[in-house]
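Asker: Got a structure for you, data.txt, holding compact mmCIF, C-alpha atoms and all ligand atoms.
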# COMPACT_ATOMS: atom_id res chain seq x y z
CA MET R 135 88.58 82.42 100.06
CA ILE R 136 92.20 81.94 99.09
CA VAL R 137 94.94 84.48 99.70
CA VAL R 138 98.08 83.83 97.65
CA GLY R 139 101.22 85.13 99.37
CA ALA R 140 101.82 85.47 103.10
CA GLY R 141 103.90 88.62 103.22
CA LEU R 142 102.52 91.37 105.43
CA VAL R 143 99.92 92.33 102.82
CA GLY R 144 98.62 88.76 102.37
CA ARG R 145 98.52 88.17 106.14
CA ALA R 146 96.66 91.43 106.68
CA CYS R 147 94.12 90.54 103.98
CA ALA R 148 93.59 87.04 105.38
CA TRP R 149 93.13 88.31 108.94
CA GLN R 150 90.76 91.09 107.91
CA LEU R 151 88.63 88.62 105.91
CA GLN R 152 88.53 86.33 108.94
CA GLN R 153 87.49 89.22 111.15
CA ARG R 154 84.49 89.59 108.87
CA GLY R 155 83.58 85.94 109.18
CA HIS R 156 85.11 84.44 106.02
CA GLN R 157 86.92 81.10 105.87
CA VAL R 158 90.41 81.70 104.52
CA GLN R 159 93.21 79.56 103.12
CA LEU R 160 96.58 81.31 103.07
CA LEU R 161 99.03 79.93 100.52
CA ASP R 162 102.79 80.49 100.68
CA PRO R 163 105.76 78.10 100.61
CA GLY R 164 107.37 80.30 103.29
CA LEU R 165 104.73 79.31 105.84
CA ASN R 166 106.89 76.27 106.63
CA GLY R 167 109.12 78.61 108.66
CA SER R 168 111.62 79.46 105.88
CA PRO R 169 110.35 82.70 104.38
CA ASP R 170 111.34 83.74 100.87
CA PRO R 171 114.68 85.57 101.28
CA ASN R 172 113.48 88.15 98.74
CA SER R 173 110.27 88.95 100.59
CA GLY R 174 109.92 92.65 101.24
CA SER R 175 108.01 92.17 104.47
CA TRP R 176 110.78 90.34 106.30
CA ALA R 177 113.26 93.03 105.22
CA ALA R 178 111.18 96.11 106.00
CA LEU R 179 112.11 98.64 108.67
CA GLY R 180 108.47 99.43 109.40
CA VAL R 181 108.64 103.21 109.21
CA LEU R 182 105.09 104.53 108.78
CA MET R 183 104.95 107.84 106.92
CA ALA R 184 101.35 108.97 106.75
CA GLN R 185 101.12 112.53 108.10
CA VAL R 186 104.45 113.52 106.53
CA PHE R 187 103.33 112.41 103.05
CA HIS R 188 103.99 115.27 100.64
CA ARG R 189 100.42 115.30 99.24
CA SER R 190 97.24 116.26 101.09
CA SER R 191 94.61 114.66 98.87
CA GLY R 192 94.11 111.80 96.42
CA ARG R 193 94.15 108.01 96.76
CA GLY R 194 97.67 107.82 98.23
CA TRP R 195 96.83 110.33 100.94
CA ARG R 196 93.53 108.65 101.83
CA LEU R 197 95.08 105.16 102.00
CA ARG R 198 97.88 106.39 104.23
CA GLN R 199 95.57 108.18 106.64
CA ARG R 200 93.18 105.25 106.84
CA SER R 201 95.99 102.76 107.32
CA LEU R 202 97.66 104.71 110.11
CA SER R 203 94.36 104.87 111.92
CA LEU R 204 93.68 101.15 111.34
CA TRP R 205 97.12 100.21 112.65
CA GLY R 206 96.09 101.93 115.89
CA GLU R 207 92.95 99.78 116.08
CA TRP R 208 94.74 96.60 115.01
CA ARG R 209 97.44 97.09 117.65
CA GLN R 210 94.73 97.17 120.29
CA GLN R 211 92.81 94.18 118.88
CA LEU R 212 95.89 92.00 118.40
CA GLY R 213 97.36 93.10 121.73
CA ALA R 214 94.16 92.04 123.48
CA GLN R 215 94.61 88.56 122.00
CA GLY R 216 98.15 88.31 123.42
CA TRP R 217 99.97 89.58 120.32
CA PRO R 218 101.52 92.93 121.27
CA LEU R 219 102.95 94.81 118.29
CA ALA R 220 106.18 96.71 118.85
CA TRP R 221 105.32 100.35 118.07
CA GLN R 222 107.54 103.42 118.51
CA PRO R 223 105.60 106.64 118.03
CA GLY R 224 107.22 109.70 116.46
CA LEU R 225 109.13 110.42 113.30
CA LEU R 226 111.74 113.13 112.78
CA LEU R 227 112.55 114.08 109.18
CA LEU R 228 115.78 116.03 109.03
CA ALA R 229 116.28 118.86 106.54
CA SER R 230 119.63 119.11 104.81
CA GLY R 231 119.25 122.54 103.20
CA ALA R 232 117.09 125.55 102.46
CA ASP R 233 114.91 123.70 99.92
CA ASP R 234 114.12 120.95 102.41
CA LEU R 235 113.31 123.51 105.09
CA GLU R 236 110.97 125.37 102.78
CA ARG R 237 109.15 122.13 101.83
CA GLN R 238 108.79 121.26 105.50
CA GLN R 239 107.39 124.71 106.32
CA ARG R 240 104.79 124.38 103.55
CA LEU R 241 103.81 120.92 104.80
CA VAL R 242 103.39 122.10 108.40
CA ALA R 243 101.22 125.01 107.24
CA SER R 244 99.06 122.69 105.17
CA ARG R 245 98.68 120.13 107.99
CA GLN R 246 97.77 122.88 110.45
CA LEU R 247 94.83 123.74 108.21
CA GLN R 248 93.81 120.07 108.43
CA GLY R 249 94.20 120.09 112.20
CA LEU R 250 97.06 117.56 112.10
CA PRO R 251 99.99 117.94 114.50
CA LEU R 252 103.33 118.50 112.77
CA GLU R 253 106.12 120.58 114.29
CA LEU R 254 109.16 122.36 112.87
CA TRP R 255 112.33 121.82 114.85
CA GLY R 256 115.31 124.16 114.75
CA ARG R 257 118.98 123.24 114.94
CA ALA R 258 119.03 123.96 118.69
CA GLN R 259 116.35 121.31 119.30
CA LEU R 260 118.31 118.82 117.19
CA ASP R 261 121.52 119.60 119.09
CA ALA R 262 119.80 118.72 122.36
CA LEU R 263 119.26 115.12 121.20
CA ALA R 264 121.63 112.28 121.99
CA PRO R 265 123.25 110.49 120.35
CA ALA R 266 124.11 113.37 118.02
CA LEU R 267 122.35 113.69 114.69
CA PRO R 268 124.29 114.35 111.46
CA ALA R 269 125.85 117.81 111.66
CA GLY R 270 124.53 118.74 108.21
CA ALA R 271 120.94 118.76 109.45
CA VAL R 272 119.70 122.35 109.43
CA GLY R 273 116.30 121.65 110.94
CA GLY R 274 113.60 119.04 111.07
CA LEU R 275 109.97 118.16 110.80
CA TYR R 276 108.58 116.19 113.73
CA SER R 277 105.44 114.12 113.42
CA PRO R 278 104.19 112.62 116.70
CA ALA R 279 101.47 110.54 115.00
CA ASP R 280 103.75 108.72 112.52
CA GLY R 281 106.22 106.18 113.82
CA GLN R 282 107.73 102.75 113.43
CA LEU R 283 106.09 99.35 113.69
CA ASP R 284 108.26 96.26 113.97
CA PRO R 285 107.14 94.27 110.91
CA GLY R 286 108.22 90.96 112.48
CA THR R 287 105.84 91.34 115.42
CA ALA R 288 103.02 92.31 113.03
CA MET R 289 103.67 89.31 110.76
CA ALA R 290 103.68 86.92 113.74
CA ALA R 291 100.56 88.49 115.23
CA LEU R 292 98.45 88.39 112.09
CA LEU R 293 99.33 84.76 111.44
CA GLY R 294 99.04 83.72 115.09
CA ASP R 295 95.67 85.32 115.61
CA GLY R 296 94.56 84.11 112.18
CA LEU R 297 95.29 80.52 113.23
CA ARG R 298 93.19 81.05 116.36
CA LEU R 299 90.34 82.16 114.11
CA GLY R 300 90.64 79.03 111.95
CA LEU R 301 93.01 80.16 109.21
CA GLN R 302 94.11 77.25 106.99
CA PRO R 303 97.77 77.66 106.05
CA VAL R 304 98.95 75.87 102.89
CA CYS R 305 102.75 75.63 102.64
CA ASP R 306 102.86 75.54 98.86
CA ARG R 307 103.45 77.77 95.91
CA ALA R 308 100.55 78.76 93.65
CA GLU R 309 101.56 77.58 90.18
CA ARG R 310 98.46 78.48 88.20
CA LEU R 311 95.05 80.10 88.71
CA GLU R 312 92.08 78.87 86.71
CA ARG R 313 88.55 80.24 86.31
CA GLN R 314 85.74 77.79 86.87
CA ALA R 315 81.99 78.12 87.10
CA GLY R 316 81.20 80.12 90.23
CA GLY R 317 84.75 80.45 91.44
CA TRP R 318 88.45 79.80 91.13
CA THR R 319 90.89 76.91 91.23
CA VAL R 320 94.47 77.29 92.43
CA HIS R 321 96.94 74.60 91.37
CA THR R 322 99.88 74.36 93.75
CA SER R 323 103.49 73.21 93.46
CA GLY R 324 102.68 70.33 95.80
CA GLY R 325 100.01 68.99 93.43
CA GLN R 326 97.05 70.29 95.41
CA THR R 327 93.97 71.72 93.75
CA LEU R 328 92.31 74.35 95.92
CA ARG R 329 88.89 75.77 95.12
CA ALA R 330 87.27 78.98 96.38
CA ASP R 331 84.75 81.68 95.53
CA ALA R 332 87.46 84.28 95.47
CA VAL R 333 91.23 84.61 95.23
CA VAL R 334 93.35 87.50 96.46
CA VAL R 335 96.76 87.69 94.80
CA SER R 336 99.32 89.29 97.10
CA ALA R 337 102.45 87.45 96.04
CA GLY R 338 104.74 90.48 95.78
CA VAL R 339 106.71 90.74 92.54
CA SER R 340 105.55 87.21 91.55
CA SER R 341 101.94 88.40 91.36
CA ALA R 342 102.51 89.58 87.78
CA SER R 343 103.42 86.16 86.38
CA LEU R 344 100.47 84.46 88.12
CA LEU R 345 98.05 86.90 86.48
CA GLU R 346 99.72 86.95 83.07
CA SER R 347 98.31 83.56 82.07
CA LEU R 348 94.79 84.86 82.79
CA GLY R 349 95.36 87.74 80.38
CA HIS R 350 95.93 90.42 83.02
CA SER R 351 99.00 92.55 82.53
CA GLN R 352 100.02 94.05 85.89
CA PRO R 353 103.81 94.21 85.58
CA GLN R 354 106.06 94.87 88.55
CA GLU R 355 109.81 95.03 89.02
CA PRO R 356 111.85 94.34 92.13
CA VAL R 357 113.64 97.27 93.74
CA LEU R 358 116.19 95.85 96.12
CA GLY R 359 116.78 97.29 99.57
CA GLN R 360 119.69 96.48 101.88
CA ALA R 361 119.67 97.27 105.59
CA LEU R 362 121.91 96.91 108.62
CA GLU R 363 121.58 96.37 112.34
CA LEU R 364 124.30 98.16 114.32
CA GLU R 365 125.43 97.68 117.89
CA LEU R 366 126.39 101.02 119.37
CA ALA R 367 129.50 101.36 121.47
CA ALA R 368 128.94 102.00 125.21
CA PRO R 369 127.97 104.28 126.86
CA THR R 370 125.28 105.13 124.31
CA SER R 371 122.04 103.89 125.70
CA TRP R 372 118.43 104.46 124.87
CA ASP R 373 115.67 102.72 126.65
CA THR R 374 112.13 102.12 125.48
CA ALA R 375 111.32 105.79 124.94
CA GLY R 376 114.83 106.64 123.79
CA PRO R 377 116.46 110.05 123.78
CA TRP R 378 115.38 110.45 120.17
CA PRO R 379 111.68 111.16 119.80
CA GLY R 380 111.25 108.15 117.50
CA ALA R 381 112.77 107.05 114.20
CA VAL R 382 114.86 109.57 112.26
CA VAL R 383 114.97 110.05 108.49
CA TRP R 384 118.09 111.63 107.00
CA GLN R 385 118.54 112.05 103.24
CA GLY R 386 116.34 109.06 102.51
CA ALA R 387 117.92 106.76 105.14
CA ASN R 388 115.91 105.56 108.13
CA LEU R 389 117.60 105.33 111.54
CA VAL R 390 115.46 103.25 113.86
CA PRO R 391 116.41 102.92 117.54
CA ARG R 392 115.85 99.38 118.76
CA THR R 393 114.18 99.21 122.11
CA ARG R 394 115.69 97.58 125.17
CA ALA R 395 112.86 95.09 125.46
CA SER R 396 113.67 93.55 122.10
CA ASP R 397 117.35 94.19 122.47
CA PRO R 398 118.55 93.28 125.93
CA GLY R 399 122.13 92.98 124.67
CA GLY R 400 122.69 96.70 124.25
CA ALA R 401 121.82 99.81 122.30
CA ARG R 402 121.16 99.03 118.69
CA LEU R 403 119.95 100.76 115.57
CA TRP R 404 118.44 99.66 112.29
CA LEU R 405 119.84 101.56 109.35
CA GLY R 406 118.23 101.31 105.93
CA ALA R 407 117.49 101.01 103.24
CA THR R 408 119.27 101.27 99.91
CA LEU R 409 117.17 101.80 96.78
CA GLU R 410 118.55 99.60 94.00
CA PRO R 411 116.52 98.84 90.87
CA GLY R 412 116.78 95.11 90.08
CA ASP R 413 117.62 92.18 92.29
CA GLN R 414 121.42 92.34 92.59
CA ALA R 415 122.85 93.86 95.77
CA ASP R 416 125.50 96.52 95.17
CA PRO R 417 128.23 96.72 97.86
CA THR R 418 128.84 100.38 96.99
CA ALA R 419 125.23 101.27 97.80
CA LEU R 420 125.59 99.50 101.15
CA ALA R 421 128.85 101.32 101.91
CA GLN R 422 127.13 104.65 101.15
CA LEU R 423 124.32 103.74 103.53
CA ARG R 424 126.77 102.66 106.25
CA THR R 425 128.48 106.08 106.24
CA LEU R 426 125.30 108.05 105.45
CA GLY R 427 127.06 109.28 102.34
CA GLY R 428 129.94 110.63 104.44
CA THR R 429 127.75 112.44 106.99
CA ALA R 430 127.64 109.77 109.73
CA PRO R 431 128.48 111.08 113.22
CA ASP R 432 131.42 109.44 115.04
CA TRP R 433 129.24 107.23 117.26
CA LEU R 434 127.63 105.75 114.15
CA GLU R 435 130.95 105.24 112.36
CA GLN R 436 132.20 103.39 115.46
CA ALA R 437 129.16 101.11 115.76
CA THR R 438 129.54 97.43 114.86
CA VAL R 439 127.47 95.79 112.15
CA VAL R 440 125.75 92.78 113.76
CA ARG R 441 123.32 91.91 110.95
CA ARG R 442 122.85 92.66 107.28
CA TRP R 443 119.79 91.81 105.22
CA GLN R 444 117.99 92.65 102.02
CA GLY R 445 114.64 92.23 100.30
CA HIS R 446 112.65 93.21 97.23
CA ARG R 447 110.12 96.00 97.13
CA PRO R 448 107.37 95.23 94.60
CA HIS R 449 107.33 98.25 92.27
CA PRO R 450 104.50 98.61 89.71
CA LEU R 451 105.49 99.48 86.16
CA GLY R 452 103.36 102.12 84.44
CA GLN R 453 100.90 102.51 87.34
CA PRO R 454 101.10 104.23 90.71
CA ALA R 455 101.69 102.13 93.82
CA PRO R 456 99.88 100.21 95.21
CA LEU R 457 98.10 97.91 92.76
CA LEU R 458 94.62 97.42 94.17
CA ALA R 459 92.49 96.00 91.38
CA ALA R 460 89.30 93.98 91.03
CA LEU R 461 90.33 92.15 87.86
CA GLU R 462 87.34 89.81 87.46
CA PRO R 463 84.53 88.67 89.70
CA GLY R 464 86.27 86.98 92.62
CA LEU R 465 89.80 87.86 91.52
CA LEU R 466 91.58 90.68 93.34
CA LEU R 467 95.12 91.97 93.08
CA ALA R 468 96.59 93.50 96.25
CA SER R 469 100.26 94.12 95.58
CA GLY R 470 102.79 96.66 94.28
CA HIS R 471 103.11 98.57 97.54
CA TYR R 472 106.71 99.45 96.74
CA ARG R 473 108.15 101.42 99.71
CA ASN R 474 105.03 101.50 101.88
CA GLY R 475 103.68 97.99 102.23
CA VAL R 476 103.93 97.99 106.01
CA LEU R 477 102.10 101.28 106.29
CA LEU R 478 99.44 100.38 103.73
CA ALA R 479 98.69 96.76 104.71
CA PRO R 480 95.57 97.49 106.85
CA ALA R 481 93.93 99.86 104.34
CA THR R 482 94.67 97.33 101.60
CA ALA R 483 93.05 94.56 103.61
CA GLU R 484 90.00 96.72 104.27
CA TRP R 485 89.72 97.51 100.54
CA VAL R 486 89.95 93.77 99.71
CA ALA R 487 87.25 92.83 102.20
CA GLU R 488 84.93 95.59 100.97
CA GLN R 489 85.41 94.58 97.33
CA LEU R 490 84.63 90.95 98.04
CA GLU R 491 81.56 91.87 100.05
CA LEU R 492 80.32 94.08 97.21
CA SER R 493 80.57 91.27 94.64
C1 LIG R 501 114.77 96.92 102.91
C2 LIG R 501 113.33 97.31 102.87
C3 LIG R 501 112.85 98.26 103.76
C4 LIG R 501 111.49 98.61 103.75
N1 LIG R 501 111.06 99.51 104.68
C5 LIG R 501 109.73 99.82 104.71
C6 LIG R 501 109.24 100.72 105.68
O1 LIG R 501 110.00 101.25 106.50
N2 LIG R 501 107.91 101.00 105.71
C7 LIG R 501 107.04 100.43 104.81
O2 LIG R 501 105.83 100.70 104.90
N3 LIG R 501 107.49 99.57 103.87
C8 LIG R 501 108.81 99.26 103.79
N4 LIG R 501 109.28 98.43 102.83
C9 LIG R 501 108.35 97.96 101.78
C10 LIG R 501 107.55 96.78 102.26
O3 LIG R 501 108.39 95.85 102.84
C11 LIG R 501 106.81 96.14 101.08
O4 LIG R 501 106.03 97.09 100.40
C12 LIG R 501 105.90 95.04 101.60
O5 LIG R 501 106.60 94.18 102.44
C13 LIG R 501 105.27 94.26 100.49
O6 LIG R 501 104.58 93.20 101.10
P1 LIG R 501 103.92 92.05 100.27
O7 LIG R 501 103.24 91.17 101.23
O8 LIG R 501 103.11 92.64 99.15
O9 LIG R 501 105.13 91.32 99.54
P2 LIG R 501 106.23 90.34 100.13
O10 LIG R 501 106.61 90.70 101.50
O11 LIG R 501 107.33 90.29 99.11
O12 LIG R 501 105.50 88.95 100.22
C14 LIG R 501 105.15 88.21 99.09
C15 LIG R 501 104.93 86.79 99.56
O13 LIG R 501 104.40 86.06 98.46
C16 LIG R 501 104.96 84.76 98.47
N5 LIG R 501 104.83 84.25 97.12
C17 LIG R 501 105.48 84.64 96.00
N6 LIG R 501 105.06 83.92 94.94
C18 LIG R 501 104.13 83.04 95.42
C19 LIG R 501 103.34 82.05 94.81
N7 LIG R 501 103.41 81.79 93.49
N8 LIG R 501 102.49 81.32 95.59
C20 LIG R 501 102.39 81.59 96.93
N9 LIG R 501 103.13 82.54 97.54
C21 LIG R 501 103.99 83.26 96.79
C22 LIG R 501 106.40 84.97 98.93
O14 LIG R 501 106.90 83.77 99.49
C23 LIG R 501 106.22 86.07 99.97
O15 LIG R 501 106.04 85.54 101.26
C24 LIG R 501 110.62 98.03 102.81
C25 LIG R 501 111.10 97.07 101.92
C26 LIG R 501 112.44 96.72 101.94
C27 LIG R 501 112.93 95.68 100.98
In structure tokens, what does this structure look like?
Ligand SMILES: Cc1cc2nc3c(=O)[nH]c(=O)nc-3n(C[C@H](O)[C@H](O)[C@H](O)COP(=O)(O)OP(=O)(O)OC[C@H]3O[C@@H](n4cnc5c(N)ncnc54)[C@H](O)[C@@H]3O)c2cc1C
Answerer:
Amino acid sequence: MIVVGAGLVGRACAWQLQQRGHQVQLLDPGLNGSPDPNSGSWAALGVLMAQVFHRSSGRGWRLRQRSLSLWGEWRQQLGAQGWPLAWQPGLLLLASGADDLERQQRLVASRQLQGLPLELWGRAQLDALAPALPAGAVGGLYSPADGQLDPGTAMAALLGDGLRLGLQPVCDRAERLERQAGGWTVHTSGGQTLRADAVVVSAGVSSASLLESLGHSQPQEPVLGQALELELAAPTSWDTAGPWPGAVVWQGANLVPRTRASDPGGARLWLGATLEPGDQADPTALAQLRTLGGTAPDWLEQATVVRRWQGHRPHPLGQPAPLLAALEPGLLLASGHYRNGVLLAPATAEWVAEQLELS
């Protein structure tokens, strides 16, 4: 089988297929060690929002629940092979007004009926946290089962363990897919002709153009996201558990404490991400993020920017995210995950494997 695209989704699909005994070739020019600077996976913050999803039924809900559970299993499996994934449990969604609070109360009530643990936090609980949260937060919703997974460790683990299982990496770009009797041919930018029973297209925004020539219209647009890594001024310090109970979400921005283990140099924070339709970064959007739209506490204002990055989220046009489609026998599309590709990678990979085993 051939998987086109080695972002997190492609790597997850390849690894899952290998787990089930398939031979896999993984095709991506970025496998030479210089990943596509527009790739969403290398830019992602890795916040997993499954239990706090605003719906309680439907495909999106089921995929999120399944994926969160699979990430738990995958962390154990990959960890046992010497690939520990950096996971911070807990997610705190701050409320900025009465409407937010009401939505959070409804969600907690609905999750309680499902037996899922969500908690409402009052301002006093927020005030007890250090460093201080934005003063405008009037309450919060805490989910102990959601959390943050470092996408870099997951990308390395899936590829590393895949290679152990016999994965064949091809450092090339897929130029054209062609049907042939009993299977598929992939023509690459390096002049190779690869043949397989089945092809999984998980090439992010580029998936659309690869499928267009086969008569499949699955349009996507890039939605750019910018993010920052900040070094906090002493004496702020959070160790592995951190004084915050996990990552914090404030008015759409994620604040992710970086653990000491990965950050021996000091206390750091990931801050992201902007939501900018298109592929051109807007400095104003970044400035808004940096100051949390004017609500940043002093310690955050005083922090130093040590890294800035950006990437494209693959956003489907005219269809809900993600795009999971069996287009023809042996041709699957697994893309269009928009803002939740890290969360949804395992459930996507499971869907891909099941589809190919059905055919
Ligand atoms: C700033 C930012 C923050 C984010 N934060 C989160 C988050 O907190 N939680 C979350 O769940 N999601 C998050 N996301 C979304 C998530 O990153 C994406 O949904 C996910 O990475 C999509 O993965 P992918 O593998 O489909 O695509 P990509 O990561 O874009 O990978 C596509 C790959 O395909 C390769 N490729 C392209 N064309 C070809 C071709 N013709 N032949 C071979 N290979 C090709 C590229 O080189 C690339 O490696 C964030 C995204 C951004 C940009």
Asker: If the limit is 6 Å from any atom of ligand LIG 501 (chain R), counting only C-alpha atoms and all ligand atoms, which residues qualify? Return them as a VMD selection string.
Answerer: chain R and resid 138 to 144 161 to 164 170 173 to 175 177 to 182 307 to 309 336 to 338 340 358 to 361 407 444 to 447 469 471 to 477
Asker: Between atom CA of R:Gly316 and atom CA of R:Glu491, what is the distance in Å, rounded to a tenth?
Answerer: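 Calculated distance between atom CA of R:Gly316 and atom CA of R:Glu491 is 15.3 Å.
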Asker: Nearest to R:Asn172: which of R:Ala262, R:Ala415, R:Val390, R:Ala421 is it, counting all atoms listed in the file?
Answerer: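 When distances to R:Asn172 are compared using all atoms listed in the file, the smallest one comes from R:Ala415.
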Asker: Around stretch 243-248 of chain R, with edges along x, y and z and 4 Å added on all six sides, what centre and edge lengths do you get, in Å to one decimal, as lines of an AutoDock Vina configuration file?
Answerer:
center_x = 97.5
center_y = 122.5
center_z = 107.8
size_x = 15.4
size_y = 12.9
size_z = 13.3
Asker: Which residues come within 12 Å of stretch 240-249 of chain R, counting all atoms listed in the file, excluding same-chain residues fewer than 2 positions away, as a PyMOL selection string?
Answerer: chain R and resi 184-191+227+233-238+251-255+274-277
Asker: Have a look at R:Gln150, R:Gln211, R:Gln453, R:Gln385 and name the one nearest to R:Thr425; count all atoms listed in the file.
Answerer: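 Selected residue with least distance to R:Thr425: R:Gln385.
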Asker: From the list R:Thr482, R:Ser493, R:Gln215, R:Thr408, which residue is nearest R:Leu197 when using only C-alpha atoms?
Answerer: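 When distances to R:Leu197 are compared using only C-alpha atoms, the smallest one comes from R:Thr482.
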Asker: In Å, rounded to a single decimal, give me how far atom CA of R:Trp384 is from atom CA of R:Pro268.
Answerer: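 Taking atom CA of R:Pro268 and atom CA of R:Trp384, their separation equals 8.1 Å.
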Asker: Which residue is closest to R:Arg424? Choose from R:Leu457, R:Pro450, R:Leu362, R:Pro411 and count only C-alpha atoms.
Answerer: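 The shortest atom-to-atom distance to R:Arg424 comes from R:Leu362.
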Asker: Which residue, R:Gly294, R:Gly194, R:Gly317, R:Pro265, has the smallest gap to R:Trp433 when you use only C-alpha atoms?
Answerer: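 The answer is R:Pro265, which sits nearest to R:Trp433.
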Asker: Which residues are close to R:Ala481, i.e. within 8 Å by only C-alpha atoms, leaving aside same-chain residues fewer than 3 positions away? Reply as a PyMOL selection string.
Answerer: chain R and resi 197-198+200-201+204+478+484-485
Asker: Can you measure atom CA of R:Pro169 to atom CA of R:Val304 for me? One decimal in Å is fine.
Answerer: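 Atom CA of R:Val304 lies 13.4 Å from atom CA of R:Pro169.
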Asker: Using only C-alpha atoms, find the one residue out of R:Ala258, R:Val440, R:Leu293, R:Leu165 that sits nearest to R:Trp149.
Answerer: R:Leu293
Asker: Quick one: everything within 12 Å of R:Ala232, counting all atoms listed in the file, minus sequence neighbours fewer than 6 positions away in the same chain. Send it as a PyMOL selection string.
Answerer: chain R and resi 238-239+270-274
Asker: Using the incomplete input, complete stretch 419-433 of chain R to the level of N, CA, C and O atoms; output as a compact mmCIF listing (two decimals), in the coordinates of the input.
Answerer:
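Heads up, here's the output in selection_6.txt:
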# COMPACT_ATOMS: atom_id res chain seq x y z
N ALA R 419 126.44 100.65 97.23
CA ALA R 419 125.23 101.27 97.80
C ALA R 419 125.18 101.02 99.31
O ALA R 419 124.81 101.90 100.09
N LEU R 420 125.60 99.81 99.71
CA LEU R 420 125.59 99.50 101.15
C LEU R 420 126.63 100.35 101.90
O LEU R 420 126.36 100.86 103.00
N ALA R 421 127.79 100.52 101.27
CA ALA R 421 128.85 101.32 101.91
C ALA R 421 128.38 102.77 102.07
O ALA R 421 128.64 103.41 103.10
N GLN R 422 127.67 103.28 101.07
CA GLN R 422 127.13 104.65 101.15
C GLN R 422 126.15 104.78 102.30
O GLN R 422 126.13 105.76 103.03
N LEU R 423 125.30 103.73 102.44
CA LEU R 423 124.32 103.74 103.53
C LEU R 423 125.03 103.72 104.88
O LEU R 423 124.69 104.47 105.79
N ARG R 424 126.05 102.85 104.97
CA ARG R 424 126.77 102.66 106.25
C ARG R 424 127.36 103.96 106.77
O ARG R 424 127.41 104.23 107.96
N THR R 425 127.83 104.82 105.82
CA THR R 425 128.48 106.08 106.24
C THR R 425 127.53 107.27 106.07
O THR R 425 127.95 108.41 106.20
N LEU R 426 126.28 106.98 105.75
CA LEU R 426 125.30 108.05 105.45
C LEU R 426 125.89 109.02 104.44
O LEU R 426 125.81 110.24 104.60
N GLY R 427 126.49 108.45 103.41
CA GLY R 427 127.06 109.28 102.34
C GLY R 427 128.13 110.23 102.86
O GLY R 427 128.28 111.33 102.33
N GLY R 428 128.85 109.79 103.90
CA GLY R 428 129.94 110.63 104.44
C GLY R 428 129.48 111.58 105.54
O GLY R 428 130.28 112.38 106.02
N THR R 429 128.24 111.49 105.96
CA THR R 429 127.75 112.44 106.99
C THR R 429 127.53 111.77 108.35
O THR R 429 127.00 112.40 109.26
N ALA R 430 127.92 110.48 108.47
CA ALA R 430 127.64 109.77 109.73
C ALA R 430 128.42 110.38 110.89
O ALA R 430 129.61 110.64 110.76
N PRO R 431 127.75 110.62 112.03
CA PRO R 431 128.48 111.08 113.22
C PRO R 431 129.43 109.99 113.72
O PRO R 431 129.27 108.82 113.37
N ASP R 432 130.39 110.39 114.58
CA ASP R 432 131.42 109.44 115.04
C ASP R 432 130.81 108.19 115.67
O ASP R 432 131.25 107.08 115.42
N TRP R 433 129.80 108.38 116.54
CA TRP R 433 129.24 107.23 117.26
C TRP R 433 128.67 106.19 116.28
O TRP R 433 128.72 104.99 116.55
